[in-house]
$ cat run_8.cif   # mmCIF, C-alpha atoms and all ligand atoms; chains and numbers go by the auth columns
data_entry
loop_
_atom_site.group_PDB
_atom_site.id
_atom_site.type_symbol
_atom_site.label_atom_id
_atom_site.label_comp_id
_atom_site.label_asym_id
_atom_site.label_seq_id
_atom_site.Cartn_x
_atom_site.Cartn_y
_atom_site.Cartn_z
_atom_site.B_iso_or_equiv
_atom_site.auth_seq_id
_atom_site.auth_asym_id
ATOM 1 C CA MET A 1 -9.095 -72.771 51.535 0.00 1 A
ATOM 2 C CA HIS A 2 -8.603 -75.889 49.430 0.00 2 A
ATOM 3 C CA LEU A 3 -10.704 -74.387 46.640 0.00 3 A
ATOM 4 C CA LEU A 4 -8.374 -71.491 46.014 0.00 4 A
ATOM 5 C CA PRO A 5 -5.874 -73.262 43.694 0.00 5 A
ATOM 6 C CA ASN A 6 -8.759 -74.424 41.494 0.00 6 A
ATOM 7 C CA HIS A 7 -10.037 -70.847 41.124 0.00 7 A
ATOM 8 C CA LEU A 8 -6.698 -69.316 40.173 0.00 8 A
ATOM 9 C CA PRO A 9 -6.945 -70.080 36.395 0.00 9 A
ATOM 10 C CA VAL A 10 -10.451 -68.591 36.351 0.00 10 A
ATOM 11 C CA LEU A 11 -9.165 -65.436 38.014 0.00 11 A
ATOM 12 C CA ILE A 12 -6.321 -65.176 35.466 0.00 12 A
ATOM 13 C CA TYR A 13 -8.726 -65.578 32.501 0.00 13 A
ATOM 14 C CA ALA A 14 -10.998 -62.975 33.999 0.00 14 A
ATOM 15 C CA ALA A 15 -8.079 -60.588 34.292 0.00 15 A
ATOM 16 C CA ILE A 16 -6.978 -60.897 30.613 0.00 16 A
ATOM 17 C CA PRO A 17 -9.619 -58.492 29.164 0.00 17 A
ATOM 18 C CA TRP A 18 -8.662 -55.928 31.789 0.00 18 A
ATOM 19 C CA LEU A 19 -4.981 -56.264 30.967 0.00 19 A
ATOM 20 C CA LEU A 20 -5.748 -55.904 27.238 0.00 20 A
ATOM 21 C CA ALA A 21 -7.840 -52.845 27.884 0.00 21 A
ATOM 22 C CA CYS A 22 -5.070 -51.277 29.943 0.00 22 A
ATOM 23 C CA CYS A 23 -2.573 -52.037 27.134 0.00 23 A
ATOM 24 C CA LEU A 24 -4.769 -50.409 24.497 0.00 24 A
ATOM 25 C CA ILE A 25 -5.249 -47.289 26.589 0.00 25 A
ATOM 26 C CA ALA A 26 -1.517 -47.127 27.325 0.00 26 A
ATOM 27 C CA CYS A 27 -0.635 -47.555 23.613 0.00 27 A
ATOM 28 C CA HIS A 28 -3.115 -44.988 22.333 0.00 28 A
ATOM 29 C CA GLY A 29 -2.472 -42.442 25.040 0.00 29 A
ATOM 30 C CA PRO A 30 0.904 -41.151 23.814 0.00 30 A
ATOM 31 C CA GLU A 31 -0.236 -41.104 20.150 0.00 31 A
ATOM 32 C CA SER A 32 -3.083 -38.743 20.780 0.00 32 A
ATOM 33 C CA THR A 33 -0.974 -36.214 22.676 0.00 33 A
ATOM 34 C CA PRO A 34 0.826 -34.624 19.690 0.00 34 A
ATOM 35 C CA GLU A 35 -2.423 -34.477 17.699 0.00 35 A
ATOM 36 C CA SER A 36 -4.111 -32.512 20.416 0.00 36 A
ATOM 37 C CA ASP A 37 -1.277 -29.943 20.488 0.00 37 A
ATOM 38 C CA PRO A 38 -1.011 -28.295 17.056 0.00 38 A
ATOM 39 C CA THR A 39 1.165 -25.383 18.222 0.00 39 A
ATOM 40 C CA PRO A 40 4.569 -26.673 16.999 0.00 40 A
ATOM 41 C CA ASN A 41 3.228 -27.385 13.480 0.00 41 A
ATOM 42 C CA GLY A 42 1.391 -24.064 13.337 0.00 42 A
ATOM 43 C CA ASP A 43 4.582 -22.151 14.160 0.00 43 A
ATOM 44 C CA GLN A 44 6.531 -24.041 11.504 0.00 44 A
ATOM 45 C CA ASP A 45 3.972 -23.208 8.819 0.00 45 A
ATOM 46 C CA GLU A 46 4.172 -19.498 9.600 0.00 46 A
ATOM 47 C CA THR A 47 7.949 -19.327 9.296 0.00 47 A
ATOM 48 C CA SER A 48 8.308 -21.647 6.297 0.00 48 A
ATOM 49 C CA THR A 49 5.808 -19.726 4.104 0.00 49 A
ATOM 50 C CA PRO A 50 7.268 -16.302 3.229 0.00 50 A
ATOM 51 C CA SER A 51 4.622 -13.633 2.775 0.00 51 A
ATOM 52 C CA THR A 52 4.144 -11.926 -0.595 0.00 52 A
ATOM 53 C CA PRO A 53 3.006 -8.311 -1.099 0.00 53 A
ATOM 54 C CA ALA A 54 -0.491 -9.635 -1.770 0.00 54 A
ATOM 55 C CA THR A 55 -0.670 -11.610 1.501 0.00 55 A
ATOM 56 C CA ARG A 56 1.482 -9.448 3.792 0.00 56 A
ATOM 57 C CA THR A 57 -0.129 -8.538 7.112 0.00 57 A
ATOM 58 C CA ASP A 58 -0.594 -5.046 8.474 0.00 58 A
ATOM 59 C CA LEU A 59 2.103 -5.710 11.060 0.00 59 A
ATOM 60 C CA GLU A 60 4.602 -6.779 8.383 0.00 60 A
ATOM 61 C CA TRP A 61 3.927 -3.626 6.336 0.00 61 A
ATOM 62 C CA LYS A 62 4.543 -1.562 9.453 0.00 62 A
ATOM 63 C CA GLU A 63 8.006 -3.104 9.783 0.00 63 A
ATOM 64 C CA ILE A 64 8.910 -2.662 6.095 0.00 64 A
ATOM 65 C CA LEU A 65 7.617 0.866 5.427 0.00 65 A
ATOM 66 C CA SER A 66 8.416 4.230 6.994 0.00 66 A
ATOM 67 C CA PRO A 67 5.641 5.655 9.209 0.00 67 A
ATOM 68 C CA LEU A 68 4.569 8.091 6.450 0.00 68 A
ATOM 69 C CA GLN A 69 4.636 5.418 3.726 0.00 69 A
ATOM 70 C CA TYR A 70 2.589 3.118 5.970 0.00 70 A
ATOM 71 C CA GLU A 71 0.044 5.818 6.793 0.00 71 A
ATOM 72 C CA VAL A 72 -0.453 6.806 3.149 0.00 72 A
ATOM 73 C CA ALA A 73 -0.090 3.515 1.260 0.00 73 A
ATOM 74 C CA ARG A 74 -1.688 1.105 3.749 0.00 74 A
ATOM 75 C CA GLY A 75 -3.992 3.536 5.573 0.00 75 A
ATOM 76 C CA ALA A 76 -5.245 5.550 2.562 0.00 76 A
ATOM 77 C CA GLY A 77 -3.739 8.723 3.967 0.00 77 A
ATOM 78 C CA THR A 78 -2.606 11.814 2.094 0.00 78 A
ATOM 79 C CA GLU A 79 0.749 13.532 2.476 0.00 79 A
ATOM 80 C CA ARG A 80 0.648 17.308 2.801 0.00 80 A
ATOM 81 C CA ALA A 81 0.949 19.182 -0.514 0.00 81 A
ATOM 82 C CA PHE A 82 4.450 20.328 -1.520 0.00 82 A
ATOM 83 C CA THR A 83 6.046 18.101 1.156 0.00 83 A
ATOM 84 C CA GLY A 84 6.519 14.780 -0.675 0.00 84 A
ATOM 85 C CA ILE A 85 9.898 13.792 -2.081 0.00 85 A
ATOM 86 C CA TYR A 86 8.741 13.639 -5.733 0.00 86 A
ATOM 87 C CA TRP A 87 6.243 16.497 -6.202 0.00 87 A
ATOM 88 C CA ASP A 88 8.855 18.613 -8.055 0.00 88 A
ATOM 89 C CA THR A 89 11.137 15.841 -9.381 0.00 89 A
ATOM 90 C CA LYS A 90 12.031 15.898 -13.068 0.00 90 A
ATOM 91 C CA THR A 91 14.538 13.031 -13.026 0.00 91 A
ATOM 92 C CA ALA A 92 14.089 10.467 -15.801 0.00 92 A
ATOM 93 C CA GLY A 93 13.035 7.060 -14.536 0.00 93 A
ATOM 94 C CA THR A 94 10.220 4.734 -13.594 0.00 94 A
ATOM 95 C CA TYR A 95 7.974 5.276 -10.588 0.00 95 A
ATOM 96 C CA GLN A 96 7.231 2.009 -8.800 0.00 96 A
ATOM 97 C CA CYS A 97 4.725 1.101 -6.092 0.00 97 A
ATOM 98 C CA VAL A 98 6.586 1.648 -2.798 0.00 98 A
ATOM 99 C CA CYS A 99 5.094 -1.567 -1.400 0.00 99 A
ATOM 100 C CA CYS A 100 5.361 -4.215 -4.140 0.00 100 A
ATOM 101 C CA LYS A 101 7.717 -2.494 -6.634 0.00 101 A
ATOM 102 C CA ALA A 102 5.285 -2.818 -9.547 0.00 102 A
ATOM 103 C CA PRO A 103 6.175 -0.219 -12.233 0.00 103 A
ATOM 104 C CA LEU A 104 3.344 2.325 -12.338 0.00 104 A
ATOM 105 C CA PHE A 105 4.358 5.526 -14.168 0.00 105 A
ATOM 106 C CA ARG A 106 7.154 6.781 -16.426 0.00 106 A
ATOM 107 C CA SER A 107 8.748 10.170 -15.792 0.00 107 A
ATOM 108 C CA ASN A 108 7.822 11.299 -19.331 0.00 108 A
ATOM 109 C CA SER A 109 4.134 11.268 -18.364 0.00 109 A
ATOM 110 C CA LYS A 110 4.783 13.464 -15.305 0.00 110 A
ATOM 111 C CA PHE A 111 3.771 17.109 -15.586 0.00 111 A
ATOM 112 C CA ASP A 112 3.754 20.187 -13.397 0.00 112 A
ATOM 113 C CA SER A 113 0.161 20.467 -12.257 0.00 113 A
ATOM 114 C CA GLY A 114 0.896 22.989 -9.512 0.00 114 A
ATOM 115 C CA CYS A 115 -1.133 20.924 -7.013 0.00 115 A
ATOM 116 C CA GLY A 116 1.825 19.905 -4.847 0.00 116 A
ATOM 117 C CA TRP A 117 1.721 16.161 -5.568 0.00 117 A
ATOM 118 C CA PRO A 118 3.415 14.167 -8.324 0.00 118 A
ATOM 119 C CA SER A 119 1.031 14.295 -11.296 0.00 119 A
ATOM 120 C CA PHE A 120 0.956 12.032 -14.343 0.00 120 A
ATOM 121 C CA PHE A 121 -1.314 12.180 -17.411 0.00 121 A
ATOM 122 C CA GLU A 122 -1.166 8.398 -18.002 0.00 122 A
ATOM 123 C CA PRO A 123 -0.055 5.178 -16.307 0.00 123 A
ATOM 124 C CA LEU A 124 2.513 2.841 -17.806 0.00 124 A
ATOM 125 C CA GLU A 125 1.348 0.553 -20.586 0.00 125 A
ATOM 126 C CA GLY A 126 -0.406 -2.528 -19.174 0.00 126 A
ATOM 127 C CA SER A 127 -1.631 -0.438 -16.255 0.00 127 A
ATOM 128 C CA ARG A 128 -1.193 -1.914 -12.816 0.00 128 A
ATOM 129 C CA LEU A 129 -3.750 0.473 -11.342 0.00 129 A
ATOM 130 C CA VAL A 130 -7.211 -0.184 -9.974 0.00 130 A
ATOM 131 C CA GLU A 131 -9.719 2.664 -9.901 0.00 131 A
ATOM 132 C CA ILE A 132 -12.359 2.785 -7.147 0.00 132 A
ATOM 133 C CA THR A 133 -15.098 5.334 -6.540 0.00 133 A
ATOM 134 C CA ASP A 134 -14.288 7.204 -3.323 0.00 134 A
ATOM 135 C CA GLU A 135 -17.126 9.143 -1.675 0.00 135 A
ATOM 136 C CA THR A 136 -15.364 10.150 1.554 0.00 136 A
ATOM 137 C CA LEU A 137 -14.954 13.802 2.617 0.00 137 A
ATOM 138 C CA GLY A 138 -18.293 14.656 0.971 0.00 138 A
ATOM 139 C CA MET A 139 -16.786 14.419 -2.517 0.00 139 A
ATOM 140 C CA ARG A 140 -17.064 11.916 -5.321 0.00 140 A
ATOM 141 C CA ARG A 141 -13.552 11.068 -6.454 0.00 141 A
ATOM 142 C CA ILE A 142 -11.846 8.174 -8.198 0.00 142 A
ATOM 143 C CA GLU A 143 -9.279 6.554 -5.935 0.00 143 A
ATOM 144 C CA VAL A 144 -6.263 4.864 -7.544 0.00 144 A
ATOM 145 C CA ARG A 145 -4.828 1.719 -5.955 0.00 145 A
ATOM 146 C CA CYS A 146 -2.080 -0.734 -6.886 0.00 146 A
ATOM 147 C CA LYS A 147 -3.439 -3.884 -8.508 0.00 147 A
ATOM 148 C CA GLY A 148 -0.636 -6.035 -7.067 0.00 148 A
ATOM 149 C CA CYS A 149 -0.814 -5.178 -3.373 0.00 149 A
ATOM 150 C CA ASP A 150 -3.866 -2.910 -2.907 0.00 150 A
ATOM 151 C CA ALA A 151 -1.718 0.062 -1.808 0.00 151 A
ATOM 152 C CA HIS A 152 -3.480 3.429 -1.825 0.00 152 A
ATOM 153 C CA LEU A 153 -1.725 5.649 -4.383 0.00 153 A
ATOM 154 C CA GLY A 154 -3.894 8.749 -4.829 0.00 154 A
ATOM 155 C CA HIS A 155 -6.761 9.908 -7.062 0.00 155 A
ATOM 156 C CA VAL A 156 -7.372 10.522 -10.764 0.00 156 A
ATOM 157 C CA PHE A 157 -9.139 13.692 -11.941 0.00 157 A
ATOM 158 C CA PRO A 158 -10.490 14.636 -15.398 0.00 158 A
ATOM 159 C CA ASP A 159 -8.569 17.925 -15.558 0.00 159 A
ATOM 160 C CA GLY A 160 -5.208 16.790 -16.950 0.00 160 A
ATOM 161 C CA PRO A 161 -3.429 17.795 -20.158 0.00 161 A
ATOM 162 C CA GLU A 162 -3.650 16.157 -23.568 0.00 162 A
ATOM 163 C CA PRO A 163 -3.506 13.475 -24.835 0.00 163 A
ATOM 164 C CA THR A 164 -5.537 11.832 -22.042 0.00 164 A
ATOM 165 C CA GLY A 165 -7.068 14.799 -20.247 0.00 165 A
ATOM 166 C CA LEU A 166 -6.398 12.944 -16.983 0.00 166 A
ATOM 167 C CA ARG A 167 -4.429 13.912 -13.899 0.00 167 A
ATOM 168 C CA TYR A 168 -3.197 11.043 -11.752 0.00 168 A
ATOM 169 C CA CYS A 169 -2.510 12.854 -8.487 0.00 169 A
ATOM 170 C CA ILE A 170 -0.269 10.436 -6.581 0.00 170 A
ATOM 171 C CA ASN A 171 1.334 10.611 -3.143 0.00 171 A
ATOM 172 C CA SER A 172 5.159 10.584 -3.163 0.00 172 A
ATOM 173 C CA ALA A 173 4.983 8.299 -0.122 0.00 173 A
ATOM 174 C CA SER A 174 3.350 5.582 -2.245 0.00 174 A
ATOM 175 C CA LEU A 175 6.040 5.771 -4.930 0.00 175 A
ATOM 176 C CA SER A 176 9.650 4.731 -5.348 0.00 176 A
ATOM 177 C CA LEU A 177 11.602 6.260 -8.277 0.00 177 A
ATOM 178 C CA VAL A 178 14.080 4.040 -10.077 0.00 178 A
ATOM 179 C CA GLU A 179 16.263 6.423 -12.070 0.00 179 A
ATOM 180 C CA ASP A 180 17.252 5.551 -15.648 0.00 180 A
ATOM 181 C CA ALA A 181 20.875 4.555 -16.143 0.00 181 A
ATOM 182 C CA PRO A 182 22.801 7.536 -17.565 0.00 182 A
ATOM 183 C CA SER A 183 23.267 7.200 -21.341 0.00 183 A
ATOM 184 C CA ASP A 184 26.051 8.838 -23.365 0.00 184 A
HETATM 185 ZN ZN ZN B . 1.858 -2.395 -5.036 0.00 1 B
#
$ encode --input "run_8.cif" --output "structure tokens"
Amino acid sequence: MHLLPNHLPVLIYAAIPWLLACCLIACHGPESTPESDPTPNGDQDETSTPSTPATRTDLEWKEILSPLQYEVARGAGTERAFTGIYWDTKTAGTYQCVCCKAPLFRSNSKFDSGCGWPSFFEPLEGSRLVEITDETLGMRRIEVRCKGCDAHLGHVFPDGPEPTGLRYCINSASLSLVEDAPSD
């Protein structure tokens, strides 16, 4: 029993490394918790970065476009002939991409092809169109898409009028007409 007081300092020294170790664990514990939970930062990034037409998700397009516009422009669909809003339109103006608003065609290149879809013999200068070979439906056709947002627009055929001999057969659902201001 008389030895106990002499051993106390030894016991205290022996305990110091353990206390230090406990301190280190306690200090580092809380720091690592936020790192291991990235959810709050991930959510912030999504809301603080607005999407552009080029990066917009399928779900976002679905919210912005009408069901027909979505089906045609984002799903490469085709509206029924003689049913679109522009197949017979002769109003002067500029036809834009319905998705990203890029100007695509002028009304003065629109002609009556009789096919039931808006038809143009040439795109606007500095064309914002991309042409892709389309071999679906057992046919070889040239699909026309928007360069800015990859929207499906329609097809181009080599049976148009002069001066180009081309017929850009475009779905009304992929277009948005901005009428010219009336001049007097
Ligand atoms: Zn577009």
$ closest_residue --input "run_8.cif" --among "A:Lys101, A:Arg145, A:Arg56, A:Arg106" --to "Asp180 of chain A" --atoms "only C-alpha atoms"
A:Arg106
$ residues_around --input "run_8.cif" --residues "segment 117-127 of chain A" --least-positions-apart "6" --cutoff "8 Å" --atoms "only C-alpha atoms" --output "PyMOL selection string"
chain A and resi 81-82+84+86-89+103-106+109-111+160-172
$ residues_around --input "run_8.cif" --residues "Cys97 of chain A" --least-positions-apart "5" --cutoff "9 Å" --atoms "only C-alpha atoms" --output "PDB file with C-alpha atoms, in the frame of the given file"
ATOM      1  CA  ALA A 102       5.285  -2.818  -9.547  1.00  0.00           C
ATOM      2  CA  PRO A 103       6.175  -0.219 -12.233  1.00  0.00           C
ATOM      3  CA  LEU A 104       3.344   2.325 -12.338  1.00  0.00           C
ATOM      4  CA  CYS A 146      -2.080  -0.734  -6.886  1.00  0.00           C
ATOM      5  CA  GLY A 148      -0.636  -6.035  -7.067  1.00  0.00           C
ATOM      6  CA  CYS A 149      -0.814  -5.178  -3.373  1.00  0.00           C
ATOM      7  CA  ALA A 151      -1.718   0.062  -1.808  1.00  0.00           C
ATOM      8  CA  LEU A 153      -1.725   5.649  -4.383  1.00  0.00           C
ATOM      9  CA  SER A 174       3.350   5.582  -2.245  1.00  0.00           C
ATOM     10  CA  LEU A 175       6.040   5.771  -4.930  1.00  0.00           C
ATOM     11  CA  SER A 176       9.650   4.731  -5.348  1.00  0.00           C
ATOM     12  CA  LEU A 177      11.602   6.260  -8.277  1.00  0.00           C
TER      13      LEU A 177
END
$ resolve_selection --input "run_8.cif" --expression "the PyMOL selection byres (((chain A and resi 133) around 12) and not hetatm)" --output "ChimeraX atom specification"
/A:130-132,134-136,139-145,154-157
$ atom_distance --input "run_8.cif" --atom1 "atom CA of Lys147 of chain A" --atom2 "atom CA of Arg128 of chain A"
5.2 Å
$ closest_residue --input "run_8.cif" --among "A:Glu60, A:Asp150, A:Glu179, A:Asp159" --to "ligand ZN 1 (chain B)" --atoms "all atoms listed in the file"
A:Asp150
$ atom_distance --input "run_8.cif" --atom1 "atom CA of Glu71 of chain A" --atom2 "atom CA of Leu129 of chain A"
19.3 Å
$ atom_distance --input "run_8.cif" --atom1 "atom CA of Asn108 of chain A" --atom2 "atom CA of Ala181 of chain A"
15.0 Å
$ closest_residue --input "run_8.cif" --among "A:Ala173, A:Gly138, A:Pro53, A:Ser183" --to "Ala76 of chain A" --atoms "only C-alpha atoms"
A:Ala173
$ closest_residue --input "run_8.cif" --among "A:Ala54, A:Asp112, A:Ser66, A:Val178" --to "ligand ZN 1 (chain B)" --atoms "only C-alpha atoms and all ligand atoms"
A:Ala54
$ closest_residue --input "run_8.cif" --among "A:Thr78, A:Cys100, A:Ala92, A:Gly116" --to "ligand ZN 1 (chain B)" --atoms "all atoms listed in the file"
A:Cys100
$ residues_around --input "run_8.cif" --residues "Ser107 of chain A" --least-positions-apart "3" --cutoff "8 Å" --atoms "all atoms listed in the file" --output "ChimeraX atom specification"
/A:90-95,110
$ write_last_selection --input "run_8.cif" --atoms "C-alpha atoms" --output "short mmCIF file (atom, residue, chain, number, x, y, z; two decimals), in the coordinates of the input"
data_model
loop_
_atom_site.label_atom_id
_atom_site.label_comp_id
_atom_site.auth_asym_id
_atom_site.auth_seq_id
_atom_site.Cartn_x
_atom_site.Cartn_y
_atom_site.Cartn_z
CA LYS A 90 12.03 15.90 -13.07
CA THR A 91 14.54 13.03 -13.03
CA ALA A 92 14.09 10.47 -15.80
CA GLY A 93 13.04 7.06 -14.54
CA THR A 94 10.22 4.73 -13.59
CA TYR A 95 7.97 5.28 -10.59
CA LYS A 110 4.78 13.46 -15.30
#
$ closest_residue --input "run_8.cif" --among "A:Cys115, A:Leu137, A:Ser51, A:Val98" --to "Leu68 of chain A" --atoms "all atoms listed in the file"
A:Val98
$ build_atoms --input "run_8.cif" --residues "segment 56-82 of chain A" --atoms "N, CA and C atoms" --output "PDB file, in the coordinates of the input"
ATOM      1  N   ARG A  56       0.782 -10.005   2.625  1.00  0.00           N
ATOM      2  CA  ARG A  56       1.482  -9.448   3.792  1.00  0.00           C
ATOM      3  C   ARG A  56       0.489  -8.855   4.808  1.00  0.00           C
ATOM      4  N   THR A  57       0.770  -9.048   6.076  1.00  0.00           N
ATOM      5  CA  THR A  57      -0.129  -8.538   7.112  1.00  0.00           C
ATOM      6  C   THR A  57       0.187  -7.073   7.401  1.00  0.00           C
ATOM      7  N   ASP A  58      -0.749  -6.444   8.072  1.00  0.00           N
ATOM      8  CA  ASP A  58      -0.594  -5.046   8.474  1.00  0.00           C
ATOM      9  C   ASP A  58       0.683  -4.841   9.289  1.00  0.00           C
ATOM     10  N   LEU A  59       0.931  -5.795  10.178  1.00  0.00           N
ATOM     11  CA  LEU A  59       2.103  -5.710  11.060  1.00  0.00           C
ATOM     12  C   LEU A  59       3.405  -5.784  10.257  1.00  0.00           C
ATOM     13  N   GLU A  60       3.411  -6.644   9.239  1.00  0.00           N
ATOM     14  CA  GLU A  60       4.602  -6.779   8.383  1.00  0.00           C
ATOM     15  C   GLU A  60       4.848  -5.502   7.592  1.00  0.00           C
ATOM     16  N   TRP A  61       3.773  -4.894   7.068  1.00  0.00           N
ATOM     17  CA  TRP A  61       3.927  -3.626   6.336  1.00  0.00           C
ATOM     18  C   TRP A  61       4.509  -2.561   7.258  1.00  0.00           C
ATOM     19  N   LYS A  62       4.076  -2.569   8.489  1.00  0.00           N
ATOM     20  CA  LYS A  62       4.543  -1.562   9.453  1.00  0.00           C
ATOM     21  C   LYS A  62       6.051  -1.666   9.657  1.00  0.00           C
ATOM     22  N   GLU A  63       6.561  -2.894   9.590  1.00  0.00           N
ATOM     23  CA  GLU A  63       8.006  -3.104   9.783  1.00  0.00           C
ATOM     24  C   GLU A  63       8.801  -2.713   8.539  1.00  0.00           C
ATOM     25  N   ILE A  64       8.207  -2.893   7.359  1.00  0.00           N
ATOM     26  CA  ILE A  64       8.910  -2.662   6.095  1.00  0.00           C
ATOM     27  C   ILE A  64       8.923  -1.174   5.717  1.00  0.00           C
ATOM     28  N   LEU A  65       7.775  -0.505   5.912  1.00  0.00           N
ATOM     29  CA  LEU A  65       7.617   0.866   5.427  1.00  0.00           C
ATOM     30  C   LEU A  65       7.962   1.898   6.499  1.00  0.00           C
ATOM     31  N   SER A  66       8.242   3.128   6.043  1.00  0.00           N
ATOM     32  CA  SER A  66       8.416   4.230   6.994  1.00  0.00           C
ATOM     33  C   SER A  66       7.032   4.592   7.533  1.00  0.00           C
ATOM     34  N   PRO A  67       6.960   5.301   8.663  1.00  0.00           N
ATOM     35  CA  PRO A  67       5.641   5.655   9.209  1.00  0.00           C
ATOM     36  C   PRO A  67       4.759   6.416   8.214  1.00  0.00           C
ATOM     37  N   LEU A  68       5.355   7.340   7.434  1.00  0.00           N
ATOM     38  CA  LEU A  68       4.569   8.091   6.450  1.00  0.00           C
ATOM     39  C   LEU A  68       4.096   7.189   5.309  1.00  0.00           C
ATOM     40  N   GLN A  69       5.009   6.345   4.808  1.00  0.00           N
ATOM     41  CA  GLN A  69       4.636   5.418   3.726  1.00  0.00           C
ATOM     42  C   GLN A  69       3.511   4.496   4.189  1.00  0.00           C
ATOM     43  N   TYR A  70       3.610   4.016   5.434  1.00  0.00           N
ATOM     44  CA  TYR A  70       2.589   3.118   5.970  1.00  0.00           C
ATOM     45  C   TYR A  70       1.247   3.840   6.077  1.00  0.00           C
ATOM     46  N   GLU A  71       1.280   5.047   6.596  1.00  0.00           N
ATOM     47  CA  GLU A  71       0.044   5.818   6.793  1.00  0.00           C
ATOM     48  C   GLU A  71      -0.650   6.093   5.459  1.00  0.00           C
ATOM     49  N   VAL A  72       0.124   6.449   4.449  1.00  0.00           N
ATOM     50  CA  VAL A  72      -0.453   6.806   3.149  1.00  0.00           C
ATOM     51  C   VAL A  72      -0.838   5.555   2.351  1.00  0.00           C
ATOM     52  N   ALA A  73       0.135   4.647   2.169  1.00  0.00           N
ATOM     53  CA  ALA A  73      -0.090   3.515   1.260  1.00  0.00           C
ATOM     54  C   ALA A  73      -1.006   2.454   1.853  1.00  0.00           C
ATOM     55  N   ARG A  74      -0.874   2.164   3.146  1.00  0.00           N
ATOM     56  CA  ARG A  74      -1.688   1.105   3.749  1.00  0.00           C
ATOM     57  C   ARG A  74      -2.914   1.677   4.452  1.00  0.00           C
ATOM     58  N   GLY A  75      -2.869   2.952   4.838  1.00  0.00           N
ATOM     59  CA  GLY A  75      -3.992   3.536   5.573  1.00  0.00           C
ATOM     60  C   GLY A  75      -4.776   4.557   4.779  1.00  0.00           C
ATOM     61  N   ALA A  76      -4.527   4.622   3.444  1.00  0.00           N
ATOM     62  CA  ALA A  76      -5.245   5.550   2.562  1.00  0.00           C
ATOM     63  C   ALA A  76      -5.130   6.994   3.039  1.00  0.00           C
ATOM     64  N   GLY A  77      -3.965   7.343   3.539  1.00  0.00           N
ATOM     65  CA  GLY A  77      -3.739   8.723   3.967  1.00  0.00           C
ATOM     66  C   GLY A  77      -3.295   9.591   2.805  1.00  0.00           C
ATOM     67  N   THR A  78      -3.089  10.874   3.105  1.00  0.00           N
ATOM     68  CA  THR A  78      -2.606  11.814   2.094  1.00  0.00           C
ATOM     69  C   THR A  78      -1.484  12.645   2.696  1.00  0.00           C
ATOM     70  N   GLU A  79      -0.347  12.683   1.993  1.00  0.00           N
ATOM     71  CA  GLU A  79       0.749  13.532   2.476  1.00  0.00           C
ATOM     72  C   GLU A  79       0.381  14.992   2.223  1.00  0.00           C
ATOM     73  N   ARG A  80       0.958  15.891   2.996  1.00  0.00           N
ATOM     74  CA  ARG A  80       0.648  17.308   2.801  1.00  0.00           C
ATOM     75  C   ARG A  80       1.229  17.780   1.463  1.00  0.00           C
ATOM     76  N   ALA A  81       0.503  18.670   0.788  1.00  0.00           N
ATOM     77  CA  ALA A  81       0.949  19.182  -0.514  1.00  0.00           C
ATOM     78  C   ALA A  81       2.320  19.839  -0.390  1.00  0.00           C
ATOM     79  N   PHE A  82       3.116  19.719  -1.430  1.00  0.00           N
ATOM     80  CA  PHE A  82       4.450  20.328  -1.520  1.00  0.00           C
ATOM     81  C   PHE A  82       5.431  19.800  -0.461  1.00  0.00           C
TER      82      PHE A  82
END
